[in-house]
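What follows is coords.txt (compact mmCIF, C-alpha atoms and all ligand atoms).
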# COMPACT_ATOMS: atom_id res chain seq x y z
CA ASP A 19 0.00 0.00 0.00
CA ALA A 20 1.07 3.54 -0.64
CA ALA A 21 2.59 5.62 2.13
CA ILE A 22 2.21 8.70 -0.04
CA ARG A 23 -0.09 9.18 -3.00
CA PHE A 24 -0.43 12.17 -5.29
CA GLU A 25 -3.73 12.07 -7.17
CA ASP A 26 -4.00 14.50 -10.07
CA VAL A 27 -2.37 17.24 -8.03
CA HIS A 28 -2.56 20.76 -9.39
CA PHE A 29 -0.91 23.74 -7.82
CA SER A 30 -0.32 27.39 -8.58
CA TYR A 31 1.17 30.17 -6.51
CA ASN A 32 -0.60 32.74 -8.69
CA PRO A 33 -3.80 32.24 -10.70
CA ASP A 34 -2.05 33.13 -13.97
CA ARG A 35 0.50 30.31 -13.87
CA ASN A 36 0.16 26.62 -13.08
CA ILE A 37 3.19 25.04 -11.46
CA LEU A 38 1.96 21.45 -11.02
CA LYS A 39 -0.39 20.26 -13.75
CA GLY A 40 -1.97 17.00 -12.75
CA VAL A 41 0.78 15.10 -10.95
CA SER A 42 -0.02 11.51 -9.93
CA PHE A 43 2.31 8.95 -8.40
CA ASP A 44 2.55 6.85 -5.31
CA VAL A 45 5.33 5.78 -3.03
CA PRO A 46 4.96 2.37 -1.38
CA ALA A 47 5.72 2.30 2.33
CA GLY A 48 9.40 1.79 3.05
CA LYS A 49 10.56 2.65 -0.45
CA THR A 50 12.76 5.42 -1.76
CA VAL A 51 11.56 7.59 -4.59
CA ALA A 52 13.61 10.27 -6.26
CA VAL A 53 11.87 13.18 -7.92
CA VAL A 54 14.28 14.56 -10.47
CA GLY A 55 14.06 17.14 -13.21
CA PRO A 56 15.40 20.47 -14.38
CA SER A 57 15.42 23.58 -12.24
CA GLY A 58 11.96 25.15 -12.15
CA ALA A 59 10.15 21.85 -12.86
CA GLY A 60 8.29 22.04 -9.55
CA LYS A 61 10.26 19.62 -7.35
CA SER A 62 10.56 21.95 -4.37
CA THR A 63 6.92 22.90 -4.63
CA LEU A 64 5.96 19.23 -4.61
CA THR A 65 7.94 18.57 -1.43
CA ARG A 66 6.39 21.58 0.30
CA LEU A 67 2.88 20.38 -0.58
CA MET A 68 3.50 17.08 1.21
CA PHE A 69 4.36 18.99 4.33
CA ARG A 70 1.23 21.13 3.81
CA PHE A 71 3.30 24.20 3.65
CA TYR A 72 0.77 25.08 0.94
CA ASP A 73 -2.50 23.37 0.05
CA VAL A 74 -3.09 21.81 -3.34
CA SER A 75 -5.19 23.79 -5.82
CA GLY A 76 -6.70 20.58 -7.21
CA GLY A 77 -6.52 16.84 -6.68
CA ARG A 78 -5.29 15.43 -3.40
CA ILE A 79 -2.35 14.07 -1.48
CA THR A 80 -2.87 11.16 0.87
CA ILE A 81 -0.63 9.68 3.52
CA ASP A 82 -1.51 6.13 4.51
CA GLY A 83 -4.76 6.60 2.64
CA GLN A 84 -5.77 9.75 4.48
CA ASP A 85 -6.14 13.12 2.77
CA ILE A 86 -3.51 15.35 4.41
CA ARG A 87 -6.12 18.10 4.74
CA ASP A 88 -7.94 15.82 7.20
CA VAL A 89 -4.86 15.22 9.34
CA THR A 90 -3.97 17.62 12.15
CA GLN A 91 -0.85 19.69 11.62
CA ASN A 92 0.60 18.08 14.70
CA SER A 93 0.23 14.53 13.55
CA LEU A 94 1.42 15.44 10.04
CA ARG A 95 4.60 16.88 11.54
CA GLN A 96 5.08 13.76 13.57
CA SER A 97 4.90 11.47 10.56
CA ILE A 98 6.83 13.65 8.11
CA GLY A 99 10.18 15.37 8.30
CA ILE A 100 11.65 17.63 5.66
CA VAL A 101 15.23 18.67 5.09
CA PRO A 102 14.97 21.89 3.10
CA GLN A 103 17.41 23.27 0.54
CA ASP A 104 18.80 25.85 2.88
CA THR A 105 19.36 25.25 6.54
CA VAL A 106 19.21 28.16 8.89
CA LEU A 107 20.89 27.31 12.17
CA PHE A 108 19.89 28.54 15.59
CA ASN A 109 22.38 30.63 17.48
CA ASP A 110 23.54 27.72 19.62
CA THR A 111 25.67 24.57 19.52
CA ILE A 112 25.42 22.04 16.72
CA ALA A 113 24.15 19.53 19.28
CA TYR A 114 21.38 21.95 20.23
CA ASN A 115 20.52 22.41 16.58
CA ILE A 116 20.31 18.67 16.05
CA SER A 117 18.14 18.07 19.10
CA TYR A 118 15.93 21.14 18.76
CA GLY A 119 12.34 20.10 19.37
CA ARG A 120 13.39 16.82 21.02
CA PRO A 121 14.06 17.82 24.62
CA GLY A 122 14.19 14.19 25.72
CA ALA A 123 16.98 13.20 23.34
CA GLU A 124 19.95 11.45 24.95
CA GLN A 125 23.45 12.70 24.23
CA SER A 126 24.30 9.30 22.77
CA GLU A 127 21.36 9.53 20.34
CA ILE A 128 22.45 12.99 19.25
CA GLU A 129 25.99 11.78 18.70
CA ASN A 130 24.79 8.78 16.76
CA ALA A 131 22.68 10.95 14.45
CA ALA A 132 25.66 13.28 13.98
CA LYS A 133 27.85 10.33 13.12
CA LEU A 134 25.44 9.04 10.47
CA ALA A 135 25.40 12.51 8.93
CA SER A 136 29.23 12.72 9.09
CA ILE A 137 29.35 15.71 11.42
CA ASP A 138 30.37 13.90 14.58
CA GLY A 139 33.56 15.95 14.68
CA PHE A 140 31.84 19.11 15.82
CA VAL A 141 28.63 18.51 17.74
CA ALA A 142 29.86 20.77 20.54
CA ALA A 143 30.85 23.54 18.13
CA LEU A 144 28.99 26.80 17.72
CA PRO A 145 27.95 28.08 14.31
CA ASP A 146 29.59 31.05 12.64
CA GLY A 147 28.53 34.40 13.97
CA PHE A 148 27.54 33.00 17.35
CA LYS A 149 26.98 36.07 19.48
CA THR A 150 28.19 36.29 23.03
CA MET A 151 28.57 39.13 25.49
CA VAL A 152 32.16 39.51 24.37
CA GLY A 153 31.54 39.58 20.64
CA GLU A 154 31.23 37.01 17.89
CA ARG A 155 32.87 33.64 17.82
CA GLY A 156 32.05 30.32 16.26
CA LEU A 157 32.83 27.87 13.53
CA LYS A 158 32.28 28.70 9.91
CA LEU A 159 30.10 25.91 8.50
CA SER A 160 29.88 25.37 4.77
CA GLY A 161 26.50 24.96 3.08
CA GLY A 162 27.07 21.22 2.98
CA GLU A 163 27.86 21.07 6.68
CA LYS A 164 24.68 22.97 7.46
CA GLN A 165 22.75 20.49 5.34
CA ARG A 166 24.30 17.69 7.37
CA VAL A 167 23.11 19.33 10.59
CA SER A 168 19.56 19.20 9.17
CA ILE A 169 20.03 15.61 8.10
CA ALA A 170 21.25 14.67 11.58
CA ARG A 171 18.19 16.40 13.00
CA MET A 172 15.99 14.28 10.76
CA LEU A 173 17.86 11.11 11.74
CA LEU A 174 17.27 11.89 15.39
CA LYS A 175 13.58 12.55 14.80
CA ARG A 176 13.09 9.44 12.65
CA PRO A 177 9.71 10.25 11.15
CA LYS A 178 8.22 7.47 9.03
CA ILE A 179 8.38 9.70 5.95
CA MET A 180 11.54 11.68 5.22
CA ILE A 181 11.62 14.30 2.51
CA PHE A 182 14.85 15.76 1.17
CA ASP A 183 14.67 18.82 -1.03
CA GLU A 184 18.07 19.09 -2.73
CA ALA A 185 19.28 18.29 0.74
CA THR A 186 22.55 16.73 -0.29
CA SER A 187 23.27 18.89 -3.31
CA ALA A 188 25.81 21.14 -1.57
CA LEU A 189 27.98 18.13 -0.68
CA ASP A 190 30.84 16.78 -2.70
CA THR A 191 29.90 13.66 -4.65
CA ARG A 192 31.69 11.31 -2.30
CA THR A 193 30.06 12.66 0.87
CA GLU A 194 26.72 12.86 -0.91
CA LYS A 195 26.90 9.17 -1.77
CA ASP A 196 28.00 8.24 1.76
CA ILE A 197 25.11 10.12 3.28
CA GLN A 198 22.55 8.77 0.84
CA GLN A 199 23.76 5.30 1.64
CA ALA A 200 23.55 5.96 5.39
CA LEU A 201 20.03 7.23 4.92
CA ARG A 202 18.98 4.16 3.01
CA GLU A 203 20.50 1.84 5.59
CA VAL A 204 18.84 3.62 8.45
CA SER A 205 15.52 3.69 6.69
CA ARG A 206 15.55 0.34 4.96
CA GLY A 207 12.13 -1.20 4.97
CA HIS A 208 10.45 1.04 7.48
CA THR A 209 10.94 4.61 6.35
CA THR A 210 9.65 6.12 3.15
CA LEU A 211 12.06 8.51 1.48
CA VAL A 212 11.32 11.16 -1.10
CA ILE A 213 14.41 12.81 -2.53
CA ALA A 214 14.06 15.80 -4.83
CA HIS A 215 17.21 16.26 -6.84
CA ARG A 216 18.60 17.37 -10.17
CA LEU A 217 18.97 14.58 -12.71
CA SER A 218 22.73 14.61 -13.00
CA THR A 219 23.41 12.92 -9.68
CA VAL A 220 23.15 9.22 -9.32
CA ILE A 221 20.56 8.32 -6.72
CA ASP A 222 20.07 4.82 -5.49
CA ALA A 223 16.27 4.90 -5.46
CA ASP A 224 13.60 2.24 -5.94
CA GLU A 225 11.94 4.49 -8.44
CA ILE A 226 12.77 7.68 -10.27
CA ILE A 227 10.06 10.14 -11.21
CA VAL A 228 11.08 12.68 -13.81
CA LEU A 229 9.22 15.94 -13.38
CA ARG A 230 9.26 18.30 -16.30
CA ASP A 231 7.31 21.53 -16.47
CA GLY A 232 4.96 20.49 -13.67
CA GLN A 233 4.15 17.07 -15.07
CA VAL A 234 5.44 13.54 -14.63
CA ALA A 235 7.37 13.04 -17.86
CA GLU A 236 8.73 9.57 -17.09
CA ARG A 237 9.02 7.12 -14.28
CA GLY A 238 10.97 3.96 -13.77
CA ARG A 239 14.13 2.47 -12.42
CA HIS A 240 17.19 4.60 -12.81
CA GLN A 241 18.91 2.28 -15.25
CA GLU A 242 15.90 2.24 -17.57
CA LEU A 243 15.77 6.02 -17.60
CA LEU A 244 19.45 6.24 -18.34
CA ALA A 245 18.89 3.96 -21.28
CA MET A 246 16.29 6.38 -22.61
CA GLU A 247 18.56 9.40 -22.51
P1 LIG B 301 12.39 23.09 -8.73
O1 LIG B 301 12.49 22.69 -7.30
O2 LIG B 301 12.12 21.93 -9.64
O3 LIG B 301 13.54 23.89 -9.20
P2 LIG B 301 10.33 24.88 -7.82
O4 LIG B 301 9.23 24.10 -7.24
O5 LIG B 301 11.27 25.55 -6.91
O6 LIG B 301 11.09 24.00 -8.89
O7 LIG B 301 9.71 26.02 -8.73
C1 LIG B 301 8.75 25.77 -9.74
C2 LIG B 301 8.28 27.10 -10.27
O8 LIG B 301 7.54 27.76 -9.24
C3 LIG B 301 9.40 28.03 -10.66
O9 LIG B 301 9.02 28.68 -11.86
C4 LIG B 301 9.48 28.99 -9.53
O10 LIG B 301 9.93 30.24 -9.97
C5 LIG B 301 8.05 29.06 -9.04
N1 LIG B 301 7.98 29.35 -7.60
C6 LIG B 301 8.61 28.68 -6.62
N2 LIG B 301 8.30 29.17 -5.41
C7 LIG B 301 7.44 30.20 -5.63
C8 LIG B 301 6.75 31.12 -4.79
N3 LIG B 301 6.88 31.06 -3.46
N4 LIG B 301 5.95 32.04 -5.38
C9 LIG B 301 5.81 32.09 -6.72
N5 LIG B 301 6.43 31.25 -7.58
C10 LIG B 301 7.24 30.32 -7.05
P1 LIG B 302 9.99 19.19 13.83
O1 LIG B 302 10.47 19.84 15.08
O2 LIG B 302 8.98 18.14 14.08
O3 LIG B 302 11.10 18.72 12.95
P2 LIG B 302 9.52 21.77 12.63
O4 LIG B 302 8.23 22.48 12.52
O5 LIG B 302 10.51 22.38 13.52
O6 LIG B 302 9.16 20.27 13.02
O7 LIG B 302 10.14 21.65 11.19
C1 LIG B 302 9.99 20.52 10.43
C2 LIG B 302 10.96 20.61 9.30
O8 LIG B 302 10.48 21.56 8.36
C3 LIG B 302 12.33 21.05 9.71
O9 LIG B 302 13.28 20.15 9.16
C4 LIG B 302 12.48 22.43 9.15
O10 LIG B 302 13.80 22.64 8.71
C5 LIG B 302 11.51 22.42 8.00
N1 LIG B 302 10.93 23.71 7.77
C6 LIG B 302 10.41 24.54 8.70
N2 LIG B 302 9.98 25.65 8.12
C7 LIG B 302 10.22 25.52 6.80
C8 LIG B 302 10.00 26.35 5.66
N3 LIG B 302 9.47 27.55 5.76
N4 LIG B 302 10.37 25.86 4.44
C9 LIG B 302 10.91 24.67 4.32
N5 LIG B 302 11.15 23.85 5.35
C10 LIG B 302 10.82 24.27 6.57
Could I get this structure in the form of structure tokens?
Ligand code: ADP
Ligand code: ADP
Amino acid sequence: DAAIRFEDVHFSYNPDRNILKGVSFDVPAGKTVAVVGPSGAGKSTLTRLMFRFYDVSGGRITIDGQDIRDVTQNSLRQSIGIVPQDTVLFNDTIAYNISYGRPGAEQSEIENAAKLASIDGFVAALPDGFKTMVGERGLKLSGGEKQRVSIARMLLKRPKIMIFDEATSALDTRTEKDIQQALREVSRGHTTLVIAHRLSTVIDADEIIVLRDGQVAERGRHQELLAME
């Protein structure tokens, strides 16, 4: 059965331009689906709709068979986590940033999540620009390191559906592959992953959905799609 189902989803930010034009697909529970396509295709928009950051203009999105408009915001946030394109860190330690919203998290759980996201070297560090009474101090984190803080946060939360919006795109290819592999291992069988990404990167997904101009242009296994190029 589908963990996530898009049924003829339409969406527009403004009435004069449709961004998603009848998108349908489903993601079986425990599987990994990659939504790929050129910049502007609507990938980010699609991930935000799942989180109900916006409501669909037409069609519907269901999670475990339930229309997300009928689910409370609280329970939706419990079942879904999103790692956005850009991570904005709180003015506190990396460990605090990872465990934000999870006051009961054990130090060992935080460290484990950090390790999976390859940032275990600096959980106690403070982000760049950290303001204290005596001025600014802190560690300058790259975009990729900030993304990894978000990924660690997701790995600590462990929602049953994890959404990544270009969330590994600021990493070098090697680290990106390592993290994608860690994510798949952690999630295998019991977490549903949706990864929005540009086509060029190799993603080890159960299915690839190619989004082009707000529509599903192709879907299939990665190898099959490569063969079509
Ligand atoms: P992708 O993630 O595939 O690059 P997006 O979903 O970010 O695509 O964007 C799809 C289209 O929607 C683009 O033309 C973009 O300019 C437009 N768009 C994205 N966000 C907004 C917004 N908040 N308001 C208006 N238009 C937007
Ligand atoms: P939780 O504490 O359960 O993770 P939050 O409400 O703090 O829930 O945020 C859930 C996720 O959504 C976080 O990973 C956060 O980075 C992301 N998020 C929050 N606001 C936005 C936004 N405006 N755009 C994209 N992602 C967001």
Note to self: Which residue is closest to ligand LIG 301 (chain B)? Choose from A:Ser97, A:Asn109, A:Gln103, A:Thr50 and count all atoms listed in the file.
What the structure shows: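 Among A:Ser97, A:Asn109, A:Gln103, A:Thr50, it is A:Gln103 that comes nearest to ligand LIG 301 (chain B).
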Distance limit 12 Å, reference ligand LIG 302 (chain B), atoms considered: all atoms listed in the file. Which residues make the cut? Give them as a tab-separated table (two decimals) with C-alpha atoms, keeping the file's coordinate frame.
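Contents of the output file selection-v4.tsv:
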chain	number	residue	atom	x	y	z
A	62	SER	CA	10.56	21.95	-4.37
A	63	THR	CA	6.92	22.90	-4.63
A	64	LEU	CA	5.96	19.23	-4.61
A	65	THR	CA	7.94	18.57	-1.43
A	66	ARG	CA	6.39	21.58	0.30
A	67	LEU	CA	2.88	20.38	-0.58
A	68	MET	CA	3.50	17.08	1.21
A	69	PHE	CA	4.36	18.99	4.33
A	70	ARG	CA	1.23	21.13	3.81
A	71	PHE	CA	3.30	24.20	3.65
A	72	TYR	CA	0.77	25.08	0.94
A	91	GLN	CA	-0.85	19.69	11.62
A	92	ASN	CA	0.60	18.08	14.70
A	93	SER	CA	0.23	14.53	13.55
A	94	LEU	CA	1.42	15.44	10.04
A	95	ARG	CA	4.60	16.88	11.54
A	96	GLN	CA	5.08	13.76	13.57
A	97	SER	CA	4.90	11.47	10.56
A	98	ILE	CA	6.83	13.65	8.11
A	99	GLY	CA	10.18	15.37	8.30
A	100	ILE	CA	11.65	17.63	5.66
A	101	VAL	CA	15.23	18.67	5.09
A	102	PRO	CA	14.97	21.89	3.10
A	103	GLN	CA	17.41	23.27	0.54
A	104	ASP	CA	18.80	25.85	2.88
A	105	THR	CA	19.36	25.25	6.54
A	106	VAL	CA	19.21	28.16	8.89
A	107	LEU	CA	20.89	27.31	12.17
A	108	PHE	CA	19.89	28.54	15.59
A	115	ASN	CA	20.52	22.41	16.58
A	116	ILE	CA	20.31	18.67	16.05
A	117	SER	CA	18.14	18.07	19.10
A	118	TYR	CA	15.93	21.14	18.76
A	119	GLY	CA	12.34	20.10	19.37
A	120	ARG	CA	13.39	16.82	21.02
A	121	PRO	CA	14.06	17.82	24.62
A	164	LYS	CA	24.68	22.97	7.46
A	165	GLN	CA	22.75	20.49	5.34
A	166	ARG	CA	24.30	17.69	7.37
A	167	VAL	CA	23.11	19.33	10.59
A	168	SER	CA	19.56	19.20	9.17
A	169	ILE	CA	20.03	15.61	8.10
A	170	ALA	CA	21.25	14.67	11.58
A	171	ARG	CA	18.19	16.40	13.00
A	172	MET	CA	15.99	14.28	10.76
A	173	LEU	CA	17.86	11.11	11.74
A	174	LEU	CA	17.27	11.89	15.39
A	175	LYS	CA	13.58	12.55	14.80
A	176	ARG	CA	13.09	9.44	12.65
A	177	PRO	CA	9.71	10.25	11.15
A	178	LYS	CA	8.22	7.47	9.03
A	179	ILE	CA	8.38	9.70	5.95
A	180	MET	CA	11.54	11.68	5.22
A	181	ILE	CA	11.62	14.30	2.51
A	182	PHE	CA	14.85	15.76	1.17
A	183	ASP	CA	14.67	18.82	-1.03
A	184	GLU	CA	18.07	19.09	-2.73
A	185	ALA	CA	19.28	18.29	0.74
Using 3 Å of padding on each side, determine the axis-aligned box around all atoms of ligand LIG 301 (chain B) present in the file and give its centre and edge lengths in Å to one decimal, as JSON.
{"center_x": 9.7, "center_y": 27.0, "center_z": -7.7, "size_x": 13.7, "size_y": 16.2, "size_z": 14.4}
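The nearest approach to A:Arg237 among the residues A:Thr80, A:Ser42, A:Ser75, A:Thr193, with only C-alpha atoms taken into account, belongs to A:Ser42.
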May I have the residues within 10 Å of A:Gly40 as a PDB file with C-alpha atoms, in the coordinates of the input, using only C-alpha atoms and disregarding those fewer than 6 positions away in the same chain?
ATOM      1  CA  PHE A  24      -0.430  12.170  -5.290  1.00  0.00           C
ATOM      2  CA  GLU A  25      -3.730  12.070  -7.170  1.00  0.00           C
ATOM      3  CA  ASP A  26      -4.000  14.500 -10.070  1.00  0.00           C
ATOM      4  CA  VAL A  27      -2.370  17.240  -8.030  1.00  0.00           C
ATOM      5  CA  HIS A  28      -2.560  20.760  -9.390  1.00  0.00           C
ATOM      6  CA  PHE A  29      -0.910  23.740  -7.820  1.00  0.00           C
ATOM      7  CA  GLY A  76      -6.700  20.580  -7.210  1.00  0.00           C
ATOM      8  CA  GLY A  77      -6.520  16.840  -6.680  1.00  0.00           C
ATOM      9  CA  GLY A 232       4.960  20.490 -13.670  1.00  0.00           C
ATOM     10  CA  GLN A 233       4.150  17.070 -15.070  1.00  0.00           C
ATOM     11  CA  VAL A 234       5.440  13.540 -14.630  1.00  0.00           C
TER      12      VAL A 234
END
Next item on the list: Provide the atom CA of A:Glu203 to atom CA of A:Ala47 distance in Å, to one decimal place.
Entry: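 Atom-to-atom, atom CA of A:Glu203 to atom CA of A:Ala47, that is 15.1 Å.
For the residues A:Ala132, A:Ile112, A:Ala20, A:Val51, ranking by smallest atom-to-atom distance to A:Ile79 using all atoms listed in the file places A:Ala20 first.
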Note to self: Could you check the closest approach to A:Ala223 for each of A:Leu38, A:Val53, A:Ala188, A:Ala142 and tell me which residue wins, using all atoms listed in the file?
What the structure shows: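 Checking each of A:Leu38, A:Val53, A:Ala188, A:Ala142 against A:Ala223, counting all atoms listed in the file, the winner is A:Val53.
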Check: Do you know which residues are within 7 Å of ligand LIG 301 (chain B) using only C-alpha atoms and all ligand atoms? Can you write them as number ranges by chain?
Finding: A: 31-32, 37, 55-64
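One distance worth recording is that between atom CA of A:Gly122 and atom CA of A:Glu163, which is 24.4 Å.
From atom CA of A:Ala52 back to atom CA of A:Ala131, the distance works out to 22.6 Å.
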Notebook entry, point to check: Pick from A:Ala113, A:Leu134, A:Ile86, A:Ile81: nearest to A:Ser205, with all atoms listed in the file counted?
Noted result: A:Leu134
Note to self: From the options A:Leu211, A:Ala235, A:Leu229, A:Val204, which residue's atoms come nearest to A:Ile22, counting all atoms listed in the file?
What the structure shows: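 Closest to A:Ile22, using all atoms listed in the file: A:Leu211.
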Where atoms are missing, can you supply all heavy atoms for stretch 88-97 of chain A and output the lot as a JSON list (two decimals), in the frame of the given file?
[["chain", "number", "residue", "atom", "x", "y", "z"],
["A", 88, "ASP", "N", -7.13, 16.33, 6.08],
["A", 88, "ASP", "CA", -7.94, 15.82, 7.20],
["A", 88, "ASP", "C", -7.08, 15.41, 8.40],
["A", 88, "ASP", "O", -7.59, 14.88, 9.39],
["A", 88, "ASP", "CB", -8.77, 14.61, 6.77],
["A", 88, "ASP", "CG", -9.74, 14.98, 5.65],
["A", 88, "ASP", "OD1", -10.14, 16.15, 5.60],
["A", 88, "ASP", "OD2", -10.07, 14.09, 4.84],
["A", 89, "VAL", "N", -5.78, 15.62, 8.26],
["A", 89, "VAL", "CA", -4.86, 15.22, 9.34],
["A", 89, "VAL", "C", -4.47, 16.49, 10.10],
["A", 89, "VAL", "O", -4.27, 17.53, 9.49],
["A", 89, "VAL", "CB", -3.59, 14.58, 8.73],
["A", 89, "VAL", "CG1", -2.58, 14.21, 9.80],
["A", 89, "VAL", "CG2", -3.96, 13.36, 7.90],
["A", 90, "THR", "N", -4.37, 16.41, 11.41],
["A", 90, "THR", "CA", -3.97, 17.62, 12.15],
["A", 90, "THR", "C", -2.52, 17.95, 11.82],
["A", 90, "THR", "O", -1.71, 17.06, 11.52],
["A", 90, "THR", "CB", -4.09, 17.45, 13.68],
["A", 90, "THR", "OG1", -3.16, 16.45, 14.10],
["A", 90, "THR", "CG2", -5.51, 17.06, 14.08],
["A", 91, "GLN", "N", -2.20, 19.22, 11.91],
["A", 91, "GLN", "CA", -0.85, 19.69, 11.62],
["A", 91, "GLN", "C", 0.16, 18.97, 12.52],
["A", 91, "GLN", "O", 1.24, 18.59, 12.09],
["A", 91, "GLN", "CB", -0.80, 21.21, 11.85],
["A", 91, "GLN", "CG", 0.43, 21.89, 11.30],
["A", 91, "GLN", "CD", 0.49, 21.90, 9.77],
["A", 91, "GLN", "OE1", -0.51, 21.67, 9.10],
["A", 91, "GLN", "NE2", 1.67, 22.15, 9.23],
["A", 92, "ASN", "N", -0.26, 18.76, 13.74],
["A", 92, "ASN", "CA", 0.60, 18.08, 14.70],
["A", 92, "ASN", "C", 0.95, 16.67, 14.29],
["A", 92, "ASN", "O", 2.12, 16.26, 14.30],
["A", 92, "ASN", "CB", -0.13, 18.03, 16.05],
["A", 92, "ASN", "CG", 0.75, 18.55, 17.15],
["A", 92, "ASN", "OD1", 1.90, 18.92, 16.89],
["A", 92, "ASN", "ND2", 0.22, 18.57, 18.36],
["A", 93, "SER", "N", -0.05, 15.92, 13.90],
["A", 93, "SER", "CA", 0.23, 14.53, 13.55],
["A", 93, "SER", "C", 0.95, 14.43, 12.21],
["A", 93, "SER", "O", 1.77, 13.55, 11.98],
["A", 93, "SER", "CB", -1.05, 13.70, 13.62],
["A", 93, "SER", "OG", -1.56, 13.44, 12.35],
["A", 94, "LEU", "N", 0.69, 15.41, 11.32],
["A", 94, "LEU", "CA", 1.42, 15.44, 10.04],
["A", 94, "LEU", "C", 2.91, 15.67, 10.31],
["A", 94, "LEU", "O", 3.77, 15.01, 9.74],
["A", 94, "LEU", "CB", 0.85, 16.55, 9.16],
["A", 94, "LEU", "CG", 1.25, 16.51, 7.69],
["A", 94, "LEU", "CD1", 0.72, 15.27, 6.99],
["A", 94, "LEU", "CD2", 0.77, 17.75, 6.95],
["A", 95, "ARG", "N", 3.20, 16.58, 11.21],
["A", 95, "ARG", "CA", 4.60, 16.88, 11.54],
["A", 95, "ARG", "C", 5.29, 15.74, 12.26],
["A", 95, "ARG", "O", 6.51, 15.65, 12.24],
["A", 95, "ARG", "CB", 4.67, 18.16, 12.38],
["A", 95, "ARG", "CG", 4.72, 19.36, 11.50],
["A", 95, "ARG", "CD", 4.45, 20.63, 12.25],
["A", 95, "ARG", "NE", 4.50, 21.72, 11.29],
["A", 95, "ARG", "CZ", 5.44, 22.64, 11.28],
["A", 95, "ARG", "NH1", 6.39, 22.64, 12.18],
["A", 95, "ARG", "NH2", 5.44, 23.58, 10.37],
["A", 96, "GLN", "N", 4.48, 14.91, 12.92],
["A", 96, "GLN", "CA", 5.08, 13.76, 13.57],
["A", 96, "GLN", "C", 5.46, 12.69, 12.56],
["A", 96, "GLN", "O", 6.46, 12.01, 12.70],
["A", 96, "GLN", "CB", 4.12, 13.18, 14.60],
["A", 96, "GLN", "CG", 4.46, 13.59, 16.01],
["A", 96, "GLN", "CD", 3.32, 13.33, 16.96],
["A", 96, "GLN", "OE1", 2.65, 12.31, 16.84],
["A", 96, "GLN", "NE2", 3.09, 14.26, 17.85],
["A", 97, "SER", "N", 4.61, 12.54, 11.52],
["A", 97, "SER", "CA", 4.90, 11.47, 10.56],
["A", 97, "SER", "C", 5.87, 11.89, 9.47],
["A", 97, "SER", "O", 6.49, 11.03, 8.86],
["A", 97, "SER", "CB", 3.61, 10.90, 9.96],
["A", 97, "SER", "OG", 2.59, 11.81, 9.97]]
